[in-house]
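Student: See model33.json below, with JSON, C-alpha atoms.
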[["chain", "number", "residue", "atom", "x", "y", "z"],
["A", 1, "MET", "CA", 0.00, 0.00, 0.00],
["A", 2, "ASP", "CA", 1.29, 3.39, -0.86],
["A", 3, "PHE", "CA", -0.34, 5.24, 1.94],
["A", 4, "ARG", "CA", 1.08, 4.69, 5.39],
["A", 5, "SER", "CA", -0.51, 6.03, 8.46],
["A", 6, "SER", "CA", 2.21, 7.83, 10.36],
["A", 7, "GLU", "CA", 0.56, 6.73, 13.58],
["A", 8, "GLN", "CA", 1.19, 3.09, 12.81],
["A", 9, "ALA", "CA", 4.76, 3.72, 11.68],
["A", 10, "LEU", "CA", 5.86, 5.14, 15.02],
["A", 11, "GLY", "CA", 5.64, 1.95, 17.02],
["A", 12, "PRO", "CA", 3.52, 1.27, 20.05],
["A", 13, "ARG", "CA", 2.26, 4.15, 22.16],
["A", 14, "SER", "CA", 3.89, 4.16, 25.56],
["A", 15, "GLU", "CA", 0.74, 2.77, 27.18],
["A", 16, "ASP", "CA", 0.70, -0.08, 24.64],
["A", 17, "VAL", "CA", 4.17, -1.36, 25.47],
["A", 18, "LEU", "CA", 3.98, -4.87, 26.88],
["A", 19, "PRO", "CA", 5.56, -5.38, 30.29],
["A", 20, "GLU", "CA", 8.94, -7.10, 30.34],
["A", 21, "THR", "CA", 7.29, -9.94, 32.28],
["A", 22, "THR", "CA", 5.24, -10.96, 29.23],
["A", 23, "THR", "CA", 6.60, -14.35, 28.35],
["A", 24, "ALA", "CA", 3.92, -16.01, 26.31],
["A", 25, "ALA", "CA", 1.34, -15.26, 23.68],
["A", 26, "VAL", "CA", -1.71, -17.11, 22.45],
["A", 27, "LYS", "CA", -3.92, -16.36, 19.48],
["A", 28, "VAL", "CA", -7.53, -16.64, 18.43],
["A", 29, "VAL", "CA", -8.57, -16.25, 14.80],
["A", 30, "ILE", "CA", -11.77, -14.43, 13.86],
["A", 31, "VAL", "CA", -12.91, -15.68, 10.46],
["A", 32, "GLY", "CA", -15.67, -14.25, 8.37],
["A", 33, "GLY", "CA", -16.70, -12.82, 5.03],
["A", 34, "PHE", "CA", -15.98, -9.27, 3.94],
["A", 35, "GLY", "CA", -17.98, -6.70, 5.87],
["A", 36, "VAL", "CA", -19.22, -9.12, 8.50],
["A", 37, "GLY", "CA", -17.61, -7.12, 11.30],
["A", 38, "LYS", "CA", -14.30, -8.88, 12.06],
["A", 39, "THR", "CA", -12.35, -5.67, 12.49],
["A", 40, "THR", "CA", -15.20, -4.16, 14.47],
["A", 41, "LEU", "CA", -15.15, -7.10, 16.87],
["A", 42, "VAL", "CA", -11.36, -7.02, 17.18],
["A", 43, "GLY", "CA", -11.45, -3.26, 17.75],
["A", 44, "ALA", "CA", -14.17, -3.56, 20.37],
["A", 45, "VAL", "CA", -12.10, -5.76, 22.68],
["A", 46, "SER", "CA", -8.53, -4.86, 21.76],
["A", 47, "GLU", "CA", -6.45, -2.82, 24.19],
["A", 48, "ILE", "CA", -4.48, -1.41, 21.27],
["A", 49, "ARG", "CA", -5.90, 0.33, 18.25],
["A", 50, "PRO", "CA", -6.21, -2.54, 15.76],
["A", 51, "LEU", "CA", -3.13, -2.91, 13.61],
["A", 52, "THR", "CA", -2.79, -4.18, 10.09],
["A", 53, "THR", "CA", -0.26, -6.68, 8.93],
["A", 54, "GLU", "CA", 0.19, -7.23, 5.24],
["A", 55, "GLU", "CA", 1.36, -10.00, 3.03],
["A", 56, "THR", "CA", 2.26, -9.64, -0.59],
["A", 57, "MET", "CA", 1.09, -11.97, -3.30],
["A", 58, "THR", "CA", 3.47, -11.67, -6.19],
["A", 59, "GLN", "CA", 2.50, -12.70, -9.66],
["A", 60, "ALA", "CA", 5.01, -12.70, -12.44],
["A", 61, "GLY", "CA", 2.39, -11.45, -14.83],
["A", 62, "VAL", "CA", 1.61, -14.82, -16.34],
["A", 63, "GLY", "CA", -0.60, -14.44, -19.37],
["A", 64, "VAL", "CA", -0.36, -10.69, -19.27],
["A", 65, "ASP", "CA", 0.43, -9.00, -22.55],
["A", 66, "ASP", "CA", 3.85, -7.77, -21.52],
["A", 67, "THR", "CA", 5.59, -6.75, -24.69],
["A", 68, "HIS", "CA", 7.85, -4.11, -23.27],
["A", 69, "GLY", "CA", 10.75, -6.27, -22.16],
["A", 70, "VAL", "CA", 11.38, -5.59, -18.50],
["A", 71, "GLU", "CA", 8.03, -5.12, -16.87],
["A", 72, "ARG", "CA", 7.15, -4.58, -13.26],
["A", 73, "LYS", "CA", 5.81, -7.61, -11.53],
["A", 74, "THR", "CA", 2.31, -7.17, -10.25],
["A", 75, "SER", "CA", 1.92, -7.57, -6.54],
["A", 76, "THR", "CA", -1.27, -7.66, -4.58],
["A", 77, "THR", "CA", -1.24, -6.69, -0.97],
["A", 78, "VAL", "CA", -3.63, -8.48, 1.33],
["A", 79, "ALA", "CA", -4.22, -7.03, 4.77],
["A", 80, "MET", "CA", -5.17, -8.67, 8.02],
["A", 81, "ASP", "CA", -6.27, -6.67, 11.05],
["A", 82, "PHE", "CA", -5.44, -7.75, 14.54],
["A", 83, "GLY", "CA", -5.71, -6.64, 18.13],
["A", 84, "ARG", "CA", -4.35, -7.57, 21.52],
["A", 85, "ILE", "CA", -5.61, -8.24, 25.04],
["A", 86, "SER", "CA", -3.24, -8.55, 27.98],
["A", 87, "ILE", "CA", -4.49, -11.48, 30.02],
["A", 88, "ASN", "CA", -2.11, -11.11, 32.91],
["A", 89, "GLU", "CA", 1.48, -10.05, 33.55],
["A", 90, "GLU", "CA", 2.83, -13.05, 31.66],
["A", 91, "LEU", "CA", 0.24, -13.85, 29.04],
["A", 92, "VAL", "CA", -1.07, -11.88, 26.08],
["A", 93, "LEU", "CA", -3.88, -12.83, 23.68],
["A", 94, "TYR", "CA", -3.82, -11.78, 20.03],
["A", 95, "LEU", "CA", -6.94, -11.68, 17.87],
["A", 96, "PHE", "CA", -6.55, -11.95, 14.11],
["A", 97, "GLY", "CA", -9.41, -11.14, 11.78],
["A", 98, "THR", "CA", -9.02, -12.97, 8.51],
["A", 99, "PRO", "CA", -11.18, -13.16, 5.39],
["A", 100, "GLY", "CA", -13.19, -16.33, 4.94],
["A", 101, "GLN", "CA", -11.55, -17.33, 1.69],
["A", 102, "GLN", "CA", -8.93, -19.90, 2.44],
["A", 103, "ARG", "CA", -6.65, -18.65, -0.32],
["A", 104, "PHE", "CA", -5.76, -15.81, 2.05],
["A", 105, "TRP", "CA", -4.94, -18.09, 4.94],
["A", 106, "PHE", "CA", -1.88, -19.50, 3.27],
["A", 107, "LEU", "CA", -0.37, -16.06, 2.99],
["A", 108, "TRP", "CA", 0.14, -16.03, 6.72],
["A", 109, "ARG", "CA", 1.75, -19.35, 7.25],
["A", 110, "GLY", "CA", 0.70, -21.02, 10.43],
["A", 111, "LEU", "CA", -2.17, -18.61, 11.10],
["A", 112, "PHE", "CA", -4.30, -21.41, 12.54],
["A", 113, "GLU", "CA", -1.40, -23.49, 13.76],
["A", 114, "GLY", "CA", -1.22, -23.23, 17.50],
["A", 115, "ALA", "CA", -4.33, -21.05, 17.69],
["A", 116, "LEU", "CA", -6.42, -21.71, 20.78],
["A", 117, "GLY", "CA", -9.47, -21.69, 18.57],
["A", 118, "ALA", "CA", -11.50, -19.65, 16.14],
["A", 119, "VAL", "CA", -14.63, -17.55, 16.02],
["A", 120, "VAL", "CA", -16.66, -17.81, 12.82],
["A", 121, "LEU", "CA", -18.45, -14.49, 12.55],
["A", 122, "VAL", "CA", -21.56, -14.70, 10.40],
["A", 123, "ASP", "CA", -24.16, -12.40, 8.95],
["A", 124, "THR", "CA", -27.55, -14.13, 8.63],
["A", 125, "ARG", "CA", -28.06, -12.45, 5.27],
["A", 126, "ARG", "CA", -25.03, -14.24, 3.86],
["A", 127, "LEU", "CA", -24.66, -17.51, 5.74],
["A", 128, "GLU", "CA", -23.39, -19.31, 2.65],
["A", 129, "VAL", "CA", -20.02, -17.54, 2.76],
["A", 130, "SER", "CA", -19.27, -19.45, 5.98],
["A", 131, "PHE", "CA", -19.78, -22.98, 4.66],
["A", 132, "ASP", "CA", -16.28, -23.30, 3.30],
["A", 133, "VAL", "CA", -14.65, -21.84, 6.41],
["A", 134, "ILE", "CA", -16.52, -24.17, 8.74],
["A", 135, "GLY", "CA", -15.63, -27.21, 6.66],
["A", 136, "ARG", "CA", -11.97, -26.26, 6.71],
["A", 137, "LEU", "CA", -11.88, -25.66, 10.47],
["A", 138, "GLU", "CA", -13.52, -29.03, 11.08],
["A", 139, "GLU", "CA", -10.99, -30.68, 8.80],
["A", 140, "TRP", "CA", -8.07, -29.00, 10.58],
["A", 141, "ARG", "CA", -9.59, -29.77, 13.98],
["A", 142, "VAL", "CA", -9.50, -26.13, 15.03],
["A", 143, "PRO", "CA", -12.16, -25.73, 17.74],
["A", 144, "PHE", "CA", -14.55, -22.91, 16.95],
["A", 145, "VAL", "CA", -17.74, -21.18, 17.98],
["A", 146, "VAL", "CA", -20.11, -19.35, 15.66],
["A", 147, "ALA", "CA", -21.02, -15.76, 16.48],
["A", 148, "VAL", "CA", -23.98, -14.20, 14.70],
["A", 149, "ASN", "CA", -23.38, -10.49, 14.33],
["A", 150, "SER", "CA", -26.80, -8.93, 14.69],
["A", 151, "PHE", "CA", -27.04, -6.26, 12.05],
["A", 152, "PRO", "CA", -30.06, -3.98, 12.58],
["A", 153, "ASP", "CA", -31.51, -4.74, 9.15],
["A", 154, "ALA", "CA", -30.79, -8.47, 9.20],
["A", 155, "PRO", "CA", -33.82, -10.67, 9.83],
["A", 156, "PRO", "CA", -33.58, -12.45, 13.18],
["A", 157, "TYR", "CA", -33.34, -16.21, 12.94],
["A", 158, "PRO", "CA", -33.75, -18.71, 15.73],
["A", 159, "ILE", "CA", -30.33, -20.13, 16.66],
["A", 160, "GLU", "CA", -31.45, -23.65, 15.82],
["A", 161, "GLU", "CA", -32.41, -22.57, 12.32],
["A", 162, "ILE", "CA", -28.91, -21.16, 11.86],
["A", 163, "ARG", "CA", -27.46, -24.39, 13.22],
["A", 164, "GLY", "CA", -29.44, -26.33, 10.67],
["A", 165, "ALA", "CA", -28.45, -24.02, 7.83],
["A", 166, "LEU", "CA", -24.77, -24.32, 8.75],
["A", 167, "ASP", "CA", -25.11, -28.06, 9.42],
["A", 168, "LEU", "CA", -23.41, -27.72, 12.79],
["A", 169, "PRO", "CA", -23.48, -30.42, 15.47],
["A", 170, "ALA", "CA", -25.29, -29.54, 18.69],
["A", 171, "SER", "CA", -21.98, -29.37, 20.55],
["A", 172, "VAL", "CA", -20.73, -26.29, 18.67],
["A", 173, "PRO", "CA", -21.89, -23.14, 20.47],
["A", 174, "ILE", "CA", -23.69, -20.46, 18.49],
["A", 175, "VAL", "CA", -23.94, -17.06, 20.13],
["A", 176, "GLU", "CA", -25.46, -13.79, 19.07],
["A", 177, "CYS", "CA", -23.44, -10.63, 19.38],
["A", 178, "ASP", "CA", -23.18, -6.99, 18.53],
["A", 179, "ALA", "CA", -19.59, -6.70, 17.34],
["A", 180, "ARG", "CA", -19.60, -2.95, 18.03],
["A", 181, "LEU", "CA", -19.95, -3.49, 21.76],
["A", 182, "ARG", "CA", -17.02, -4.44, 23.93],
["A", 183, "GLY", "CA", -19.06, -6.49, 26.39],
["A", 184, "SER", "CA", -20.81, -8.40, 23.63],
["A", 185, "SER", "CA", -17.57, -9.13, 21.77],
["A", 186, "ARG", "CA", -15.91, -10.14, 25.02],
["A", 187, "ASP", "CA", -18.77, -12.59, 25.60],
["A", 188, "VAL", "CA", -18.07, -14.17, 22.20],
["A", 189, "LEU", "CA", -14.47, -14.84, 23.25],
["A", 190, "MET", "CA", -15.73, -16.07, 26.58],
["A", 191, "ALA", "CA", -18.07, -18.50, 24.79],
["A", 192, "LEU", "CA", -15.08, -19.84, 22.87],
["A", 193, "MET", "CA", -13.05, -20.25, 26.06],
["A", 194, "ARG", "CA", -15.91, -22.01, 27.87],
["A", 195, "TYR", "CA", -16.24, -24.32, 24.89],
["A", 196, "LEU", "CA", -12.50, -25.06, 24.95],
["A", 197, "GLN", "CA", -12.80, -25.68, 28.66],
["A", 198, "SER", "CA", -15.62, -28.16, 28.06],
["A", 199, "LEU", "CA", -13.52, -29.94, 25.43],
["A", 200, "ALA", "CA", -10.64, -30.19, 27.88],
["A", 201, "VAL", "CA", -12.94, -31.49, 30.59],
["A", 202, "SER", "CA", -14.65, -34.05, 28.38],
["A", 203, "SER", "CA", -11.34, -35.33, 27.04],
["A", 204, "ALA", "CA", -10.09, -35.67, 30.61],
["A", 205, "ALA", "CA", -13.24, -37.62, 31.42],
["A", 206, "ILE", "CA", -12.62, -39.94, 28.49],
["A", 207, "GLU", "CA", -9.04, -40.50, 29.63],
["A", 208, "ALA", "CA", -10.18, -41.21, 33.16],
["A", 209, "SER", "CA", -12.84, -43.70, 32.15],
["B", 1, "MET", "CA", 6.10, 5.25, -14.38],
["B", 2, "ASN", "CA", 8.11, 5.45, -11.24],
["B", 3, "LYS", "CA", 11.49, 7.08, -11.31],
["B", 4, "ALA", "CA", 14.44, 4.98, -10.27],
["B", 5, "GLY", "CA", 14.76, 4.97, -6.52],
["B", 6, "ASP", "CA", 11.15, 5.93, -6.11],
["B", 7, "TRP", "CA", 9.76, 2.49, -5.46],
["B", 8, "GLU", "CA", 6.44, 1.71, -4.01],
["B", 9, "ASP", "CA", 6.99, 0.53, -0.47],
["B", 10, "SER", "CA", 5.47, -2.85, -1.20],
["B", 11, "SER", "CA", 7.06, -3.34, -4.59],
["B", 12, "PRO", "CA", 8.67, -6.73, -5.07],
["B", 13, "GLU", "CA", 11.94, -4.98, -5.95],
["B", 14, "ARG", "CA", 12.16, -3.21, -2.62],
["B", 15, "LEU", "CA", 11.27, -6.32, -0.63],
["B", 16, "TYR", "CA", 13.83, -8.27, -2.65],
["B", 17, "VAL", "CA", 16.55, -5.83, -1.67],
["B", 18, "ILE", "CA", 15.59, -5.79, 2.01],
["B", 19, "THR", "CA", 15.77, -9.57, 2.32],
["B", 20, "GLY", "CA", 18.75, -10.04, 0.02],
["B", 21, "GLY", "CA", 16.51, -11.97, -2.30],
["B", 22, "ARG", "CA", 15.54, -14.63, 0.21],
["B", 23, "SER", "CA", 12.00, -15.73, 0.74],
["B", 24, "GLY", "CA", 10.37, -16.93, 3.91],
["B", 25, "ALA", "CA", 11.01, -20.55, 2.96],
["B", 26, "SER", "CA", 14.38, -20.76, 4.69],
["B", 27, "VAL", "CA", 13.09, -19.19, 7.89],
["B", 28, "PRO", "CA", 13.00, -21.31, 11.01],
["B", 29, "ALA", "CA", 9.49, -22.63, 11.39],
["B", 30, "ALA", "CA", 9.60, -21.56, 15.03],
["B", 31, "LEU", "CA", 8.62, -17.97, 14.19],
["B", 32, "ASP", "CA", 4.89, -17.58, 14.57],
["B", 33, "LEU", "CA", 2.78, -14.45, 14.13],
["B", 34, "VAL", "CA", 2.62, -14.25, 17.91],
["B", 35, "THR", "CA", 6.20, -15.15, 18.74],
["B", 36, "LEU", "CA", 7.35, -12.37, 21.07],
["B", 37, "ILE", "CA", 10.63, -10.76, 20.10],
["B", 38, "VAL", "CA", 12.85, -8.91, 22.59],
["B", 39, "ALA", "CA", 16.05, -7.07, 21.66],
["B", 40, "LYS", "CA", 19.14, -7.88, 23.67],
["B", 41, "SER", "CA", 20.70, -4.47, 23.20],
["B", 42, "GLY", "CA", 20.33, -1.27, 21.19],
["B", 43, "PRO", "CA", 20.78, -1.01, 17.41],
["B", 44, "ARG", "CA", 24.37, -1.36, 16.24],
["B", 45, "HIS", "CA", 26.15, 1.07, 13.99],
["B", 46, "GLY", "CA", 26.06, 0.01, 10.37],
["B", 47, "MET", "CA", 23.04, -2.22, 10.78],
["B", 48, "GLN", "CA", 20.57, -2.47, 7.94],
["B", 49, "PRO", "CA", 17.91, 0.23, 8.62],
["B", 50, "GLU", "CA", 15.05, -2.27, 8.79],
["B", 51, "GLN", "CA", 16.93, -4.41, 11.27],
["B", 52, "ALA", "CA", 17.83, -1.36, 13.35],
["B", 53, "ALA", "CA", 14.13, -0.45, 13.33],
["B", 54, "ILE", "CA", 13.25, -3.91, 14.63],
["B", 55, "ILE", "CA", 15.80, -3.57, 17.42],
["B", 56, "ARG", "CA", 14.34, -0.19, 18.39],
["B", 57, "LEU", "CA", 10.79, -1.54, 18.38],
["B", 58, "CYS", "CA", 11.70, -4.59, 20.44],
["B", 59, "GLN", "CA", 13.18, -2.94, 23.47],
["B", 60, "ALA", "CA", 10.04, -4.35, 25.12],
["B", 61, "PRO", "CA", 8.47, -7.63, 23.97],
["B", 62, "LEU", "CA", 6.60, -7.30, 20.69],
["B", 63, "SER", "CA", 4.96, -9.92, 18.49],
["B", 64, "VAL", "CA", 6.08, -10.68, 14.93],
["B", 65, "ALA", "CA", 2.66, -9.46, 13.73],
["B", 66, "GLU", "CA", 3.11, -6.11, 15.49],
["B", 67, "ILE", "CA", 6.62, -5.66, 14.08],
["B", 68, "SER", "CA", 5.19, -6.28, 10.62],
["B", 69, "ALA", "CA", 2.42, -3.75, 11.23],
["B", 70, "TYR", "CA", 4.63, -1.00, 12.63],
["B", 71, "LEU", "CA", 7.26, -1.39, 9.92],
["B", 72, "SER", "CA", 4.65, -1.84, 7.18],
["B", 73, "LEU", "CA", 6.54, -4.88, 5.93],
["B", 74, "PRO", "CA", 5.03, -8.26, 5.06],
["B", 75, "VAL", "CA", 5.37, -10.90, 7.76],
["B", 76, "SER", "CA", 7.42, -13.06, 5.38],
["B", 77, "VAL", "CA", 9.99, -10.26, 5.07],
["B", 78, "VAL", "CA", 10.03, -9.57, 8.79],
["B", 79, "THR", "CA", 10.70, -13.25, 9.55],
["B", 80, "VAL", "CA", 13.72, -13.23, 7.22],
["B", 81, "LEU", "CA", 15.10, -10.16, 8.98],
["B", 82, "LEU", "CA", 14.36, -11.67, 12.38],
["B", 83, "SER", "CA", 16.04, -14.96, 11.61],
["B", 84, "ASP", "CA", 19.27, -13.06, 10.86],
["B", 85, "LEU", "CA", 18.93, -11.12, 14.11],
["B", 86, "LEU", "CA", 18.26, -14.37, 15.98],
["B", 87, "ILE", "CA", 21.34, -16.02, 14.50],
["B", 88, "ASP", "CA", 23.41, -12.97, 15.46],
["B", 89, "LYS", "CA", 21.87, -13.14, 18.95],
["B", 90, "GLN", "CA", 20.66, -9.53, 18.62],
["B", 91, "VAL", "CA", 17.16, -10.53, 19.63],
["B", 92, "MET", "CA", 15.53, -13.30, 21.61],
["B", 93, "ALA", "CA", 12.32, -15.07, 20.68],
["B", 94, "ARG", "CA", 9.73, -16.13, 23.22],
["B", 95, "ALA", "CA", 7.88, -18.93, 21.50],
["B", 96, "PRO", "CA", 4.10, -18.87, 21.66],
["B", 97, "VAL", "CA", 2.25, -21.27, 23.88],
["B", 98, "GLN", "CA", 1.53, -24.21, 21.63],
["B", 99, "PRO", "CA", -1.64, -25.85, 22.77],
["B", 100, "ALA", "CA", -1.53, -29.56, 22.13],
["B", 101, "LEU", "CA", -4.38, -31.11, 20.19],
["B", 102, "LEU", "CA", -6.54, -30.32, 23.16],
["B", 103, "PRO", "CA", -6.40, -27.06, 25.03],
["B", 104, "ASP", "CA", -4.62, -26.86, 28.33],
["B", 105, "ARG", "CA", -7.15, -26.26, 31.08],
["B", 106, "ALA", "CA", -4.96, -23.98, 33.20],
["B", 107, "LEU", "CA", -4.23, -21.84, 30.15],
["B", 108, "ILE", "CA", -7.90, -21.53, 29.23],
["B", 109, "GLU", "CA", -8.78, -20.64, 32.81],
["B", 110, "ALA", "CA", -6.15, -17.91, 32.82],
["B", 111, "VAL", "CA", -7.61, -16.47, 29.61],
["B", 112, "ILE", "CA", -11.13, -16.59, 31.09],
["B", 113, "ASP", "CA", -9.92, -14.72, 34.18],
["B", 114, "GLY", "CA", -8.25, -12.12, 31.99],
["B", 115, "LEU", "CA", -11.32, -11.64, 29.80],
["B", 116, "GLN", "CA", -13.54, -11.22, 32.84],
["B", 117, "LYS", "CA", -11.49, -8.17, 33.79],
["B", 118, "LEU", "CA", -12.16, -6.48, 30.46]]
Would you kindly transcribe this structure into structure tokens?
Tutor:
Amino acid sequence: MDFRSSEQALGPRSEDVLPETTTAAVKVVIVGGFGVGKTTLVGAVSEIRPLTTEETMTQAGVGVDDTHGVERKTSTTVAMDFGRISINEELVLYLFGTPGQQRFWFLWRGLFEGALGAVVLVDTRRLEVSFDVIGRLEEWRVPFVVAVNSFPDAPPYPIEEIRGALDLPASVPIVECDARLRGSSRDVLMALMRYLQSLAVSSAAIEAS
Amino acid sequence: MNKAGDWEDSSPERLYVITGGRSGASVPAALDLVTLIVAKSGPRHGMQPEQAAIIRLCQAPLSVAEISAYLSLPVSVVTVLLSDLLIDKQVMARAPVQPALLPDRALIEAVIDGLQKL
């Protein structure tokens, strides 16, 4: 991108500097279609102003009518917004909002690797954009919850209808949220953590039996 | 057309120069988006400007993703720069917590406690 915000270029504001005691980081990935509110959700809970990391897709202009000898390669920049929550003096949680199309995921190698889990943010007006994402997360065994961002003009659907439309098992939590509100977005993350907790508990129960 | 020396910041040519033509492929797999990087000292004289910038940013722990954001460089470029700094022992990496196939209960409880304070 040609335009750089000078704010971002300066480095963290003094109040955003992590304490020296911070030794570990964990991440949660927020996945959803364009305009579904990923950045809004990240911004609502993040302690830092959401930042943008970029990755460059380079194409050597295959099939392009380059007849001028040395041509510039075309490069496409894809952006991913993220935020941060300090959990305690040692632990920090990062939230990455990534587009639903899996072709973007490979740009950030290991985005889902080691993630605690994912939140699939959906808009009831465009549920179909989430099918692919959900299938991929299931395949990769990334635990996830579904959060329905309640847009004012979106028709309300009963949760079970959404579950049916997304073909989700009863065990996967579906929560409603307003991604603009900190408390509501926090509750989405909390729902994911409670779900992870239940997975840990049930696996322990299986081991014990 | 751009004049010579007037590259777009994200142009492949500029990124090629910064990394000495290397891609992220040779980078140690240990660097994650949320690996925390801490500088061991201040920037050294004669250091590549981008590396000096990383050293300045990492006087306190900072994730690879944040370094990428503040320097407006792709993560793949930042990891190349960081792997050089790691080899030279200019920076230290604090590896992210890698949850096993199943989440660690104590870790999840810590996150829940932290979120409750939000």
Student: Need the shell around stretch 129-139 of chain A: protein/DNA/RNA residues with any atom at most 8 Å away, counting all atoms listed in the file. Skip same-chain ones fewer than 6 positions apart. Format as a CSV table (one decimal) with C-alpha atoms, in the coordinates of the input?
Tutor:
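What landed in out_7.csv:
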chain,number,residue,atom,x,y,z
A,31,VAL,CA,-12.9,-15.7,10.5
A,32,GLY,CA,-15.7,-14.2,8.4
A,33,GLY,CA,-16.7,-12.8,5.0
A,100,GLY,CA,-13.2,-16.3,4.9
A,101,GLN,CA,-11.6,-17.3,1.7
A,102,GLN,CA,-8.9,-19.9,2.4
A,120,VAL,CA,-16.7,-17.8,12.8
A,122,VAL,CA,-21.6,-14.7,10.4
A,166,LEU,CA,-24.8,-24.3,8.8
Student: Pick out the residues sitting within 10 Å of stretch 90-93 of chain B, and hand them over as a ChimeraX atom specification; count all atoms listed in the file, and ignore anything fewer than 3 positions along from it in its own chain.
Tutor: /A:23 /B:30-32,35-44,51,54-55,58-59,61-64,82-87,96
Student: Give me, as number ranges by chain, all polymer residues having an atom no more than 12 Å from A:Glu15, counting all atoms listed in the file and skipping those fewer than 2 positions away in the same chain.
Tutor: A: 11-13, 17-19, 47-49; B: 60
Student: Just how far from atom CA of A:Phe144 is atom CA of A:Val119, in Å to one decimal?
Tutor: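 Those two atoms sit 5.4 Å apart.
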Student: What's the separation between atom CA of B:Ala69 and atom CA of A:Met80, in Å to one decimal place?
Tutor: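 Those two atoms sit 9.6 Å apart.
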Student: Calculate how many Å separate atom CA of A:Gly97 from atom CA of B:Pro74, rounding to one decimal.
Tutor: 16.2 Å
Student: Please determine, counting only C-alpha atoms, which residue among B:Ala106, B:Val80, B:Ser68, B:Leu115 has the shortest atom-to-atom distance to A:Glu55.
Tutor: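 Using only C-alpha atoms, the shortest distance to A:Glu55 belongs to B:Ser68.
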Student: If we draw a sphere of 8 Å around (-24.5, -19.4, 18.4), which residues have at least one atom in it when counting all atoms listed in the file? Please report them as an mmCIF file with C-alpha atoms, in the frame of the given file.
Tutor:
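File produced: part_22.cif:
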data_model
loop_
_atom_site.group_PDB
_atom_site.id
_atom_site.type_symbol
_atom_site.label_atom_id
_atom_site.label_comp_id
_atom_site.auth_asym_id
_atom_site.auth_seq_id
_atom_site.Cartn_x
_atom_site.Cartn_y
_atom_site.Cartn_z
ATOM 1 C CA VAL A 145 -17.740 -21.180 17.980
ATOM 2 C CA VAL A 146 -20.110 -19.350 15.660
ATOM 3 C CA ALA A 147 -21.020 -15.760 16.480
ATOM 4 C CA VAL A 148 -23.980 -14.200 14.700
ATOM 5 C CA ILE A 159 -30.330 -20.130 16.660
ATOM 6 C CA ARG A 163 -27.460 -24.390 13.220
ATOM 7 C CA VAL A 172 -20.730 -26.290 18.670
ATOM 8 C CA PRO A 173 -21.890 -23.140 20.470
ATOM 9 C CA ILE A 174 -23.690 -20.460 18.490
ATOM 10 C CA VAL A 175 -23.940 -17.060 20.130
ATOM 11 C CA GLU A 176 -25.460 -13.790 19.070
#
Student: Would you please work out which residue, of A:Glu128, A:Ala165, A:Arg141, A:Leu41, is nearest to chain B when using only C-alpha atoms?
Tutor: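 Under the stated criterion, the closest residue is A:Arg141.
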Student: May I ask which of the residues B:Ser76, B:Gly114, B:Val34, B:Leu15 is the closest one to A:Gly114, counting all atoms listed in the file?
Tutor: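 The shortest atom-to-atom distance to A:Gly114 comes from B:Val34.
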Student: Extract, using all atoms listed in the file, all DNA, RNA and protein residues at most 8 Å from B:Glu66, discarding same-chain residues fewer than 4 positions from it, and format them as a PyMOL selection string.
Tutor: (chain A and resi 51+53) or (chain B and resi 62+70)
Student: From the options B:Leu81, B:Ala110, B:Val17, B:Met47, which residue's atoms come nearest to chain A, counting all atoms listed in the file?
Tutor: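 Smallest distance to chain A is found for B:Ala110.
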Student: Out of A:Arg186, A:Glu160, A:Trp105, A:Arg125, which residue has the shortest atom-to-atom distance to chain B when counting all atoms listed in the file?
Tutor: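 Residue with the minimum atom-to-atom distance to chain B: A:Arg186.
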Student: Let me know the centre plus edge lengths, in Å and rounded to one decimal, of a box with edges along x, y and z that contains all listed atoms of stretch 124-140 of chain A and is padded by 3 Å on every side, as AutoDock Vina command-line options.
Tutor:
--center_x -18.1 --center_y -21.6 --center_z 6.9 --size_x 26.0 --size_y 24.2 --size_z 14.4
